[in-house]
file final20.json (JSON, C-alpha atoms and all ligand atoms)
[["chain", "number", "residue", "atom", "x", "y", "z"],
["A", 454, "MET", "CA", 51.93, 100.91, 112.13],
["A", 455, "ALA", "CA", 54.21, 99.30, 114.71],
["A", 456, "ILE", "CA", 57.35, 97.58, 113.53],
["A", 457, "LYS", "CA", 56.90, 93.84, 113.02],
["A", 458, "VAL", "CA", 59.65, 91.49, 114.22],
["A", 459, "ILE", "CA", 59.73, 88.01, 112.70],
["A", 460, "HIS", "CA", 62.13, 85.24, 113.70],
["A", 461, "ASP", "CA", 60.87, 82.26, 111.69],
["A", 462, "PRO", "CA", 62.05, 82.15, 108.03],
["A", 463, "LEU", "CA", 58.86, 80.66, 106.61],
["A", 464, "VAL", "CA", 56.64, 83.07, 108.54],
["A", 465, "PHE", "CA", 58.76, 85.92, 107.12],
["A", 466, "GLN", "CA", 58.47, 84.49, 103.60],
["A", 467, "GLN", "CA", 54.68, 84.16, 103.84],
["A", 468, "HIS", "CA", 54.37, 87.69, 105.16],
["A", 469, "MET", "CA", 56.55, 89.16, 102.40],
["A", 470, "LEU", "CA", 54.85, 87.17, 99.62],
["A", 471, "ALA", "CA", 51.46, 88.37, 100.82],
["A", 472, "LEU", "CA", 52.63, 91.99, 100.60],
["A", 473, "ARG", "CA", 53.87, 91.50, 97.04],
["A", 474, "MET", "CA", 50.61, 89.75, 96.09],
["A", 475, "GLU", "CA", 48.76, 92.88, 97.26],
["A", 476, "GLY", "CA", 50.81, 94.84, 94.74],
["A", 477, "GLN", "CA", 53.10, 96.60, 97.22],
["A", 478, "THR", "CA", 56.72, 97.32, 96.39],
["A", 479, "VAL", "CA", 59.25, 96.03, 98.92],
["A", 480, "GLY", "CA", 62.71, 97.42, 99.70],
["A", 481, "PHE", "CA", 65.00, 95.02, 101.57],
["A", 482, "VAL", "CA", 68.26, 95.70, 103.43],
["A", 483, "PRO", "CA", 70.28, 92.71, 104.67],
["A", 484, "THR", "CA", 72.56, 93.51, 107.65],
["A", 485, "MET", "CA", 74.47, 91.86, 110.45],
["A", 486, "GLY", "CA", 73.15, 94.37, 113.00],
["A", 487, "ALA", "CA", 75.07, 96.66, 115.40],
["A", 488, "LEU", "CA", 73.51, 99.32, 113.21],
["A", 489, "HIS", "CA", 75.21, 102.62, 112.43],
["A", 490, "ASP", "CA", 74.51, 105.49, 110.04],
["A", 491, "GLY", "CA", 75.93, 103.46, 107.12],
["A", 492, "HIS", "CA", 73.13, 100.94, 107.53],
["A", 493, "LEU", "CA", 70.60, 103.66, 108.24],
["A", 494, "SER", "CA", 71.39, 105.45, 104.98],
["A", 495, "LEU", "CA", 70.27, 102.27, 103.21],
["A", 496, "PHE", "CA", 67.06, 102.12, 105.26],
["A", 497, "HIS", "CA", 66.42, 105.76, 104.44],
["A", 498, "ARG", "CA", 66.78, 105.18, 100.70],
["A", 499, "ALA", "CA", 64.65, 102.05, 100.85],
["A", 500, "ARG", "CA", 61.98, 104.03, 102.71],
["A", 501, "GLU", "CA", 61.95, 106.68, 99.98],
["A", 502, "GLU", "CA", 61.60, 104.20, 97.13],
["A", 503, "ASN", "CA", 59.22, 101.48, 98.36],
["A", 504, "ASP", "CA", 55.83, 100.93, 99.96],
["A", 505, "VAL", "CA", 57.26, 98.48, 102.50],
["A", 506, "VAL", "CA", 60.75, 98.32, 104.03],
["A", 507, "ALA", "CA", 62.14, 95.06, 105.41],
["A", 508, "VAL", "CA", 65.49, 94.62, 107.11],
["A", 509, "SER", "CA", 67.26, 91.45, 108.16],
["A", 510, "ILE", "CA", 69.61, 91.28, 111.14],
["A", 511, "PHE", "CA", 71.60, 88.07, 111.00],
["A", 512, "VAL", "CA", 75.25, 87.48, 111.87],
["A", 513, "ASN", "CA", 75.80, 84.85, 109.21],
["A", 514, "PRO", "CA", 78.18, 82.14, 110.47],
["A", 515, "THR", "CA", 79.03, 80.75, 107.01],
["A", 516, "GLN", "CA", 80.77, 83.97, 105.96],
["A", 517, "PHE", "CA", 83.21, 83.91, 108.89],
["A", 518, "GLY", "CA", 86.46, 81.91, 108.80],
["A", 519, "PRO", "CA", 87.45, 79.68, 111.74],
["A", 520, "ASN", "CA", 89.85, 82.29, 113.15],
["A", 521, "GLU", "CA", 87.63, 85.29, 112.53],
["A", 522, "ASP", "CA", 85.44, 87.34, 114.86],
["A", 523, "LEU", "CA", 82.08, 85.49, 114.71],
["A", 524, "SER", "CA", 81.77, 84.94, 118.47],
["A", 525, "ARG", "CA", 82.71, 88.52, 119.40],
["A", 526, "TYR", "CA", 80.94, 90.27, 116.53],
["A", 527, "PRO", "CA", 79.02, 93.17, 118.18],
["A", 528, "ARG", "CA", 75.33, 92.54, 118.82],
["A", 529, "ASP", "CA", 72.73, 95.08, 119.93],
["A", 530, "PRO", "CA", 69.24, 93.82, 119.05],
["A", 531, "GLU", "CA", 67.37, 96.33, 121.19],
["A", 532, "GLY", "CA", 69.30, 99.35, 119.94],
["A", 533, "ASP", "CA", 68.92, 98.04, 116.38],
["A", 534, "LEU", "CA", 65.14, 97.74, 116.68],
["A", 535, "ALA", "CA", 64.85, 101.28, 118.04],
["A", 536, "LYS", "CA", 66.89, 102.66, 115.11],
["A", 537, "ALA", "CA", 64.96, 100.62, 112.55],
["A", 538, "GLU", "CA", 61.67, 101.81, 114.00],
["A", 539, "ALA", "CA", 62.79, 105.46, 113.99],
["A", 540, "LEU", "CA", 63.67, 105.18, 110.29],
["A", 541, "GLY", "CA", 60.22, 103.80, 109.45],
["A", 542, "VAL", "CA", 61.24, 100.19, 108.80],
["A", 543, "ASP", "CA", 58.13, 97.99, 108.66],
["A", 544, "VAL", "CA", 59.50, 94.48, 109.13],
["A", 545, "VAL", "CA", 62.65, 93.17, 110.84],
["A", 546, "PHE", "CA", 63.69, 89.58, 110.21],
["A", 547, "MET", "CA", 65.95, 88.15, 112.94],
["A", 548, "PRO", "CA", 66.45, 84.43, 112.44],
["A", 549, "THR", "CA", 68.67, 82.11, 114.47],
["A", 550, "PRO", "CA", 71.59, 80.33, 112.75],
["A", 551, "GLU", "CA", 69.77, 77.02, 113.32],
["A", 552, "ALA", "CA", 66.69, 78.28, 111.48],
["A", 553, "MET", "CA", 68.75, 79.48, 108.50],
["A", 554, "TYR", "CA", 71.01, 76.40, 108.46],
["A", 555, "PRO", "CA", 68.97, 73.49, 109.79],
["A", 556, "PRO", "CA", 70.57, 70.05, 110.17],
["A", 557, "GLY", "CA", 71.30, 68.57, 106.76],
["A", 558, "PHE", "CA", 71.83, 71.94, 105.06],
["A", 559, "GLN", "CA", 74.24, 71.40, 102.14],
["A", 560, "THR", "CA", 73.50, 73.87, 99.36],
["A", 561, "PHE", "CA", 75.86, 76.76, 98.58],
["A", 562, "VAL", "CA", 76.11, 79.49, 95.95],
["A", 563, "GLU", "CA", 79.45, 80.52, 94.44],
["A", 564, "VAL", "CA", 80.23, 83.44, 92.14],
["A", 565, "THR", "CA", 83.33, 81.77, 90.81],
["A", 566, "GLU", "CA", 85.41, 84.70, 89.53],
["A", 567, "LEU", "CA", 84.26, 87.72, 91.53],
["A", 568, "GLN", "CA", 84.76, 85.80, 94.77],
["A", 569, "LYS", "CA", 88.48, 85.27, 94.12],
["A", 570, "PRO", "CA", 90.38, 88.58, 94.36],
["A", 571, "LEU", "CA", 90.74, 91.22, 97.08],
["A", 572, "CYS", "CA", 89.01, 90.09, 100.30],
["A", 573, "GLY", "CA", 88.28, 86.69, 98.72],
["A", 574, "ALA", "CA", 92.00, 85.91, 98.64],
["A", 575, "PHE", "CA", 92.35, 86.60, 102.38],
["A", 576, "ARG", "CA", 89.04, 85.21, 103.60],
["A", 577, "PRO", "CA", 88.58, 81.79, 101.98],
["A", 578, "GLY", "CA", 84.91, 80.83, 101.84],
["A", 579, "HIS", "CA", 83.74, 84.31, 102.85],
["A", 580, "PHE", "CA", 81.98, 85.19, 99.61],
["A", 581, "ARG", "CA", 80.52, 81.71, 99.28],
["A", 582, "GLY", "CA", 78.88, 82.34, 102.66],
["A", 583, "VAL", "CA", 77.73, 85.80, 101.56],
["A", 584, "ALA", "CA", 76.34, 84.60, 98.22],
["A", 585, "THR", "CA", 74.52, 81.71, 99.90],
["A", 586, "VAL", "CA", 72.91, 83.75, 102.66],
["A", 587, "VAL", "CA", 71.95, 86.63, 100.36],
["A", 588, "THR", "CA", 70.34, 84.18, 97.92],
["A", 589, "LYS", "CA", 68.35, 82.65, 100.75],
["A", 590, "LEU", "CA", 67.41, 86.06, 102.18],
["A", 591, "LEU", "CA", 66.25, 87.27, 98.74],
["A", 592, "LEU", "CA", 64.13, 84.12, 98.33],
["A", 593, "LEU", "CA", 62.59, 84.75, 101.75],
["A", 594, "ALA", "CA", 62.03, 88.50, 101.39],
["A", 595, "PHE", "CA", 61.12, 88.46, 97.69],
["A", 596, "PRO", "CA", 61.93, 92.19, 97.47],
["A", 597, "THR", "CA", 61.39, 94.57, 94.57],
["A", 598, "ARG", "CA", 64.73, 96.20, 95.42],
["A", 599, "ALA", "CA", 67.63, 95.28, 97.70],
["A", 600, "TYR", "CA", 70.15, 97.83, 99.00],
["A", 601, "PHE", "CA", 73.91, 97.38, 99.51],
["A", 602, "GLY", "CA", 76.65, 99.77, 100.62],
["A", 603, "ARG", "CA", 79.73, 100.40, 98.50],
["A", 604, "LYS", "CA", 81.73, 100.05, 101.74],
["A", 605, "ASP", "CA", 81.68, 96.38, 100.70],
["A", 606, "PHE", "CA", 82.28, 97.10, 97.02],
["A", 607, "GLN", "CA", 83.28, 93.56, 96.04],
["A", 608, "GLN", "CA", 80.23, 92.19, 97.82],
["A", 609, "TRP", "CA", 77.99, 94.57, 95.86],
["A", 610, "ARG", "CA", 79.49, 93.60, 92.49],
["A", 611, "LEU", "CA", 79.31, 89.91, 93.35],
["A", 612, "ILE", "CA", 75.65, 90.10, 94.37],
["A", 613, "GLU", "CA", 74.78, 92.15, 91.32],
["A", 614, "ARG", "CA", 76.37, 89.42, 89.15],
["A", 615, "MET", "CA", 74.71, 86.60, 91.08],
["A", 616, "VAL", "CA", 71.24, 88.13, 90.81],
["A", 617, "ARG", "CA", 71.71, 88.50, 87.06],
["A", 618, "ASP", "CA", 73.13, 84.99, 86.60],
["A", 619, "LEU", "CA", 70.36, 83.32, 88.61],
["A", 620, "ALA", "CA", 67.54, 85.57, 87.30],
["A", 621, "ILE", "CA", 66.53, 86.60, 90.80],
["A", 622, "PRO", "CA", 63.79, 89.21, 90.23],
["A", 623, "THR", "CA", 65.20, 91.92, 92.50],
["A", 624, "ALA", "CA", 66.85, 95.19, 91.50],
["A", 625, "ILE", "CA", 70.19, 95.69, 93.27],
["A", 626, "VAL", "CA", 70.78, 99.25, 94.43],
["A", 627, "SER", "CA", 74.16, 100.41, 95.77],
["A", 628, "MET", "CA", 74.81, 103.37, 98.03],
["A", 629, "PRO", "CA", 77.92, 105.42, 98.90],
["A", 630, "ILE", "CA", 80.15, 104.87, 101.92],
["A", 631, "ILE", "CA", 79.07, 106.76, 105.01],
["A", 632, "ARG", "CA", 82.03, 108.08, 107.01],
["A", 633, "GLU", "CA", 82.65, 109.43, 110.48],
["A", 634, "GLU", "CA", 83.32, 113.15, 110.68],
["A", 635, "ASP", "CA", 87.09, 112.54, 110.37],
["A", 636, "GLY", "CA", 86.73, 110.23, 107.36],
["A", 637, "LEU", "CA", 86.86, 106.76, 108.92],
["A", 638, "ALA", "CA", 84.38, 104.54, 107.07],
["A", 639, "MET", "CA", 81.61, 103.54, 109.47],
["A", 640, "SER", "CA", 81.74, 99.88, 110.41],
["A", 641, "SER", "CA", 80.35, 97.73, 113.20],
["A", 642, "ARG", "CA", 83.95, 96.57, 113.67],
["A", 643, "ASN", "CA", 85.10, 100.10, 114.60],
["A", 644, "ARG", "CA", 83.71, 99.22, 118.04],
["A", 645, "TYR", "CA", 86.75, 96.98, 118.54],
["A", 646, "LEU", "CA", 89.16, 99.95, 118.39],
["A", 647, "SER", "CA", 90.75, 101.73, 121.38],
["A", 648, "PRO", "CA", 91.08, 105.54, 121.06],
["A", 649, "GLU", "CA", 94.69, 105.11, 119.92],
["A", 650, "GLU", "CA", 93.80, 102.40, 117.39],
["A", 651, "ARG", "CA", 90.95, 104.60, 116.21],
["A", 652, "ARG", "CA", 93.56, 107.23, 115.25],
["A", 653, "SER", "CA", 95.70, 104.66, 113.45],
["A", 654, "ALA", "CA", 92.64, 103.47, 111.54],
["A", 655, "LEU", "CA", 92.41, 106.85, 109.83],
["A", 656, "ALA", "CA", 95.40, 105.76, 107.73],
["A", 657, "LEU", "CA", 92.97, 103.95, 105.42],
["A", 658, "TYR", "CA", 91.10, 107.15, 104.61],
["A", 659, "ARG", "CA", 94.38, 109.08, 104.29],
["A", 660, "GLY", "CA", 95.59, 106.45, 101.83],
["A", 661, "LEU", "CA", 92.51, 107.05, 99.70],
["A", 662, "LEU", "CA", 93.03, 110.81, 99.88],
["A", 663, "ARG", "CA", 96.55, 110.18, 98.55],
["A", 664, "ALA", "CA", 94.98, 108.24, 95.68],
["A", 665, "ARG", "CA", 92.74, 111.17, 94.95],
["A", 666, "GLU", "CA", 95.73, 113.51, 94.83],
["A", 667, "LEU", "CA", 97.33, 111.22, 92.25],
["A", 668, "PHE", "CA", 94.11, 111.17, 90.25],
["A", 669, "GLU", "CA", 93.92, 114.96, 90.30],
["A", 670, "ALA", "CA", 97.58, 115.20, 89.30],
["A", 671, "GLY", "CA", 96.87, 113.03, 86.25],
["A", 672, "GLU", "CA", 98.90, 110.03, 87.44],
["A", 673, "THR", "CA", 97.47, 106.93, 85.72],
["A", 674, "ARG", "CA", 100.02, 104.19, 86.50],
["A", 675, "ALA", "CA", 98.39, 101.66, 88.84],
["A", 676, "GLU", "CA", 101.76, 100.59, 90.23],
["A", 677, "VAL", "CA", 102.44, 104.16, 91.37],
["A", 678, "TRP", "CA", 99.03, 104.37, 93.03],
["A", 679, "VAL", "CA", 99.60, 101.11, 94.88],
["A", 680, "ARG", "CA", 103.08, 102.11, 96.02],
["A", 681, "GLU", "CA", 101.98, 105.55, 97.21],
["A", 682, "VAL", "CA", 98.86, 104.36, 99.03],
["A", 683, "ARG", "CA", 100.77, 101.50, 100.67],
["A", 684, "LYS", "CA", 103.31, 104.00, 101.90],
["A", 685, "VAL", "CA", 100.63, 105.90, 103.81],
["A", 686, "LEU", "CA", 99.58, 102.69, 105.57],
["A", 687, "GLU", "CA", 103.13, 101.52, 106.22],
["A", 688, "GLU", "CA", 104.14, 104.84, 107.73],
["A", 689, "THR", "CA", 101.28, 104.85, 110.24],
["A", 690, "PRO", "CA", 102.15, 103.32, 113.63],
["A", 691, "GLY", "CA", 99.45, 100.90, 114.77],
["A", 692, "VAL", "CA", 98.66, 99.56, 111.30],
["A", 693, "ARG", "CA", 99.69, 95.98, 112.06],
["A", 694, "GLY", "CA", 99.43, 94.37, 108.67],
["A", 695, "ILE", "CA", 98.27, 95.20, 105.19],
["A", 696, "ASP", "CA", 96.22, 92.49, 103.46],
["A", 697, "TYR", "CA", 96.13, 94.37, 100.18],
["A", 698, "VAL", "CA", 96.23, 97.69, 98.39],
["A", 699, "GLU", "CA", 94.98, 97.20, 94.85],
["A", 700, "VAL", "CA", 93.67, 99.04, 91.85],
["A", 701, "ARG", "CA", 91.13, 97.13, 89.77],
["A", 702, "ASP", "CA", 88.42, 97.58, 87.19],
["A", 703, "GLY", "CA", 85.32, 98.90, 88.95],
["A", 704, "VAL", "CA", 82.97, 96.43, 87.26],
["A", 705, "THR", "CA", 84.85, 93.18, 86.63],
["A", 706, "LEU", "CA", 87.34, 93.68, 89.50],
["A", 707, "GLU", "CA", 90.07, 92.52, 87.16],
["A", 708, "PRO", "CA", 93.52, 94.09, 87.62],
["A", 709, "VAL", "CA", 94.28, 97.24, 85.63],
["A", 710, "GLU", "CA", 97.59, 98.84, 84.74],
["A", 711, "THR", "CA", 96.08, 102.20, 83.92],
["A", 712, "VAL", "CA", 93.84, 103.90, 86.44],
["A", 713, "GLY", "CA", 91.01, 106.20, 85.50],
["A", 714, "ARG", "CA", 87.49, 107.25, 86.33],
["A", 715, "GLY", "CA", 85.50, 104.13, 87.22],
["A", 716, "SER", "CA", 88.49, 102.17, 88.52],
["A", 717, "LEU", "CA", 88.46, 100.93, 92.09],
["A", 718, "VAL", "CA", 91.22, 101.48, 94.62],
["A", 719, "ALA", "CA", 90.63, 99.10, 97.51],
["A", 720, "LEU", "CA", 92.49, 98.34, 100.69],
["A", 721, "ALA", "CA", 92.34, 96.07, 103.72],
["A", 722, "ALA", "CA", 94.52, 96.35, 106.81],
["A", 723, "HIS", "CA", 94.67, 95.22, 110.42],
["A", 724, "VAL", "CA", 94.53, 97.77, 113.23],
["A", 725, "GLY", "CA", 94.47, 96.40, 116.78],
["A", 726, "PRO", "CA", 91.96, 93.55, 116.85],
["A", 727, "ALA", "CA", 90.08, 94.76, 113.76],
["A", 728, "ARG", "CA", 90.44, 94.00, 110.09],
["A", 729, "LEU", "CA", 89.32, 97.14, 108.29],
["A", 730, "ILE", "CA", 88.46, 97.74, 104.64],
["A", 731, "ASP", "CA", 87.87, 100.87, 102.63],
["A", 732, "ASN", "CA", 87.84, 101.90, 98.98],
["A", 733, "TRP", "CA", 87.40, 104.72, 96.52],
["A", 734, "TRP", "CA", 85.44, 104.28, 93.31],
["A", 735, "VAL", "CA", 87.70, 106.59, 91.37],
["A", 736, "GLY", "CA", 86.01, 109.75, 90.15],
["A", 737, "MET", "CA", 82.57, 108.24, 90.83],
["A", 738, "ASP", "CA", 82.29, 108.59, 94.61],
["A", 739, "THR", "CA", 83.30, 111.54, 96.74],
["A", 740, "LEU", "CA", 85.83, 111.33, 99.53],
["A", 741, "ASP", "CA", 84.69, 114.72, 100.78],
["A", 742, "LEU", "CA", 82.89, 114.81, 104.07],
["A", 743, "VAL", "CA", 79.73, 116.60, 103.13],
["A", 744, "PRO", "CA", 77.43, 117.13, 106.09],
["A", 745, "GLY", "CA", 73.94, 116.02, 105.22],
["A", 746, "TYR", "CA", 75.19, 113.89, 102.37],
["A", 747, "ASN", "CA", 77.95, 111.70, 103.68],
["A", 748, "ILE", "CA", 76.61, 112.01, 107.18],
["A", 749, "PRO", "CA", 72.83, 111.86, 107.03],
["A", 750, "PRO", "CA", 71.18, 114.12, 109.58],
["A", 751, "PHE", "CA", 69.70, 111.30, 111.64],
["A", 752, "PRO", "CA", 68.78, 112.34, 115.18],
["A", 753, "TRP", "CA", 71.40, 110.08, 116.82],
["A", 754, "SER", "CA", 74.33, 111.33, 114.77],
["A", 755, "GLU", "CA", 73.87, 114.96, 115.78],
["A", 756, "PRO", "CA", 76.36, 116.25, 118.37],
["B", 801, "LIG", "P1", 76.96, 94.61, 107.47],
["B", 801, "LIG", "O1", 75.99, 94.71, 108.60],
["B", 801, "LIG", "O2", 78.34, 95.09, 107.82],
["B", 801, "LIG", "O3", 76.93, 93.26, 106.80],
["B", 801, "LIG", "O4", 76.48, 95.65, 106.37],
["B", 801, "LIG", "C1", 75.16, 95.61, 105.85],
["B", 801, "LIG", "C2", 75.07, 96.54, 104.68],
["B", 801, "LIG", "O5", 75.40, 97.86, 105.08],
["B", 801, "LIG", "C3", 76.05, 96.18, 103.56],
["B", 801, "LIG", "O6", 75.41, 96.38, 102.31],
["B", 801, "LIG", "C4", 77.17, 97.15, 103.78],
["B", 801, "LIG", "O7", 77.90, 97.45, 102.61],
["B", 801, "LIG", "C5", 76.42, 98.37, 104.26],
["B", 801, "LIG", "N1", 77.33, 99.24, 104.99],
["B", 801, "LIG", "C6", 78.11, 98.93, 106.04],
["B", 801, "LIG", "N2", 78.87, 99.99, 106.43],
["B", 801, "LIG", "C7", 78.56, 100.99, 105.57],
["B", 801, "LIG", "C8", 79.01, 102.34, 105.42],
["B", 801, "LIG", "N3", 79.92, 102.88, 106.21],
["B", 801, "LIG", "N4", 78.47, 103.08, 104.42],
["B", 801, "LIG", "C9", 77.55, 102.54, 103.58],
["B", 801, "LIG", "N5", 77.09, 101.29, 103.67],
["B", 801, "LIG", "C10", 77.59, 100.52, 104.65]]

call {"tool": "encode", "arguments": {"input": "final20.json", "output": "C-alpha cells", "more": "lines below"}}
Ligand code: AMP
result
Amino acid sequence: MAIKVIHDPLVFQQHMLALRMEGQTVGFVPTMGALHDGHLSLFHRAREENDVVAVSIFVNPTQFGPNEDLSRYPRDPEGDLAKAEALGVDVVFMPTPEAMYPPGFQTFVEVTELQKPLCGAFRPGHFRGVATVVTKLLLLAFPTRAYFGRKDFQQWRLIERMVRDLAIPTAIVSMPIIREEDGLAMSSRNRYLSPEERRSALALYRGLLRARELFEAGETRAEVWVREVRKVLEETPGVRGIDYVEVRDGVTLEPVETVGRGSLVALAAHVGPARLIDNWWVGMDTLDLVPGYNIPPFPWSEP
C-alpha cells in the first residue's frame, strides 16, 4: 500500500483512531525530519513490532530558543518521504506550525524536575516545548508504542516520566545511538559541519571512549570521569565551548558521586555552528561500532 501523507492534525487523528478501532497495533516515531540512519533504525524497529507505522515530521518551533537554529534547521521533505517509504512506513504526518499552534494556543506540559539539568540548563524552555509537542503528537497518533533514540537520553527519560504521570496509554520504547563509521553520533545537525569541524566533532566520541577506559579500569569517582572527559574536549582544536560534561543517575538524572553500570555520562559542546550532544549509558550501551548493529544495513548507508 502506498505511503499516506497527512498534513491536517484532525484528519491524522481520525485516521489513526480508525486504525486502532479496527484492532491494529500502531508504532509511532516523532521526528524533525532531515532523516538519517538514526531515525531509520527507529522506523525499522517500529515496523517489526506493529501492524501500522506512523511517523511525524515537524520542526517544532516551541522547543527552539530565540537564538537557536530554528530557521536554518535542515529540511528535506522529499528525501524524507522516499526513506520513510523504503522502510515500509504507512503514514507520514507533516503539519504546519500554524496547524499545531493555532492562534490562541496557550497550553503547555512541563516535567518539572527532569527538564532542569543537562540540556535543560542551557536551553531554557526546550523541554517544555518537547513535552508539549510530544503530548499533542501522542494524542493525535494514539499509538500502541512510540520510539525514541537514546541519542537524546534526557528527552527519552522525560517522556517516559510524562507518559506515566499523565497516564497516556502508549508504551515508550528507546533505542541505541546510531553512529557514523568513525563514531560520530548521527544527527541532522552534523550537516552544519565543514570537513575540518567534522573532525573536531569526533572529540565527543573520543571523550566517551575515555570514559569507557575509566570504567574498565575500575575508576568509580565521578569527579575523575568529568575531569578526564573534559580534558579530551578541551584538548581538541575546533571545540569552541563545552556546555557540560556530567555523570548522572541513568534513571532519575540526579547527580552521582560514584559511577557504575547504569549511570549516564553526557556531554554537550559547540563545534563550528553546531551544538552537539552525545552520551554513554555506562555498561548498558555499546560504544563499539558494530556493522549491522550500530549501522543498520539500509541501502543508502552502504558504500
Ligand atoms: P530528531 O529528528 O532529532 O528530533 O530525532 C527524532 C528521534 O530520533 C529522537 O527520538 C532521537 O533521539 C532519535 N535519534 C536522532 N539521532 C539518533 C541517533 N544517532 N541514533 C538513534 N536515535 C536517534

call {"tool": "atom_distance", "arguments": {"input": "final20.json", "atom1": "CA of Leu593 in chain A", "atom2": "CA of Val544 in chain A"}}
result
12.6 Å

call {"tool": "residues_near_ligand", "arguments": {"input": "final20.json", "ligand": "ligand LIG 801 (chain B)", "cutoff": "6 Å", "atoms": "all atoms listed in the file", "output": "ChimeraX atom specification"}}
result
/A:483-486,491-492,601-605,629-632,638-640

call {"tool": "residues_around", "arguments": {"input": "final20.json", "residues": "Ala664 in chain A", "least_positions_apart": "6", "cutoff": "9 Å", "atoms": "only C-alpha atoms", "output": "list in words"}}
result
Trp678, Val679, Glu681, Val682, Val718, Trp733 and Val735 of chain A

call {"tool": "residues_near_point", "arguments": {"input": "final20.json", "point": "(96.7, 107.4, 100.6)", "cutoff": "12 Å", "atoms": "only C-alpha atoms", "output": "MDAnalysis selection string"}}
result
chainID A and resid 655:668 677:689 698:699 718:720 731:733 740

call {"tool": "closest_residue", "arguments": {"input": "final20.json", "among": "A:Asp533, A:Glu707, A:Asp543, A:Asp618", "to": "Glu563 in chain A", "atoms": "all atoms listed in the file"}}
result
A:Asp618

call {"tool": "atom_distance", "arguments": {"input": "final20.json", "atom1": "CA of Pro690 in chain A", "atom2": "CA of Val709 in chain A"}}
result
29.7 Å

call {"tool": "closest_residue", "arguments": {"input": "final20.json", "among": "A:Leu472, A:Pro462, A:Leu571, A:Glu501", "to": "Pro555 in chain A", "atoms": "only C-alpha atoms"}}
result
A:Pro462

call {"tool": "atom_distance", "arguments": {"input": "final20.json", "atom1": "CA of Ser641 in chain A", "atom2": "CA of Asn513 in chain A"}}
result
14.2 Å
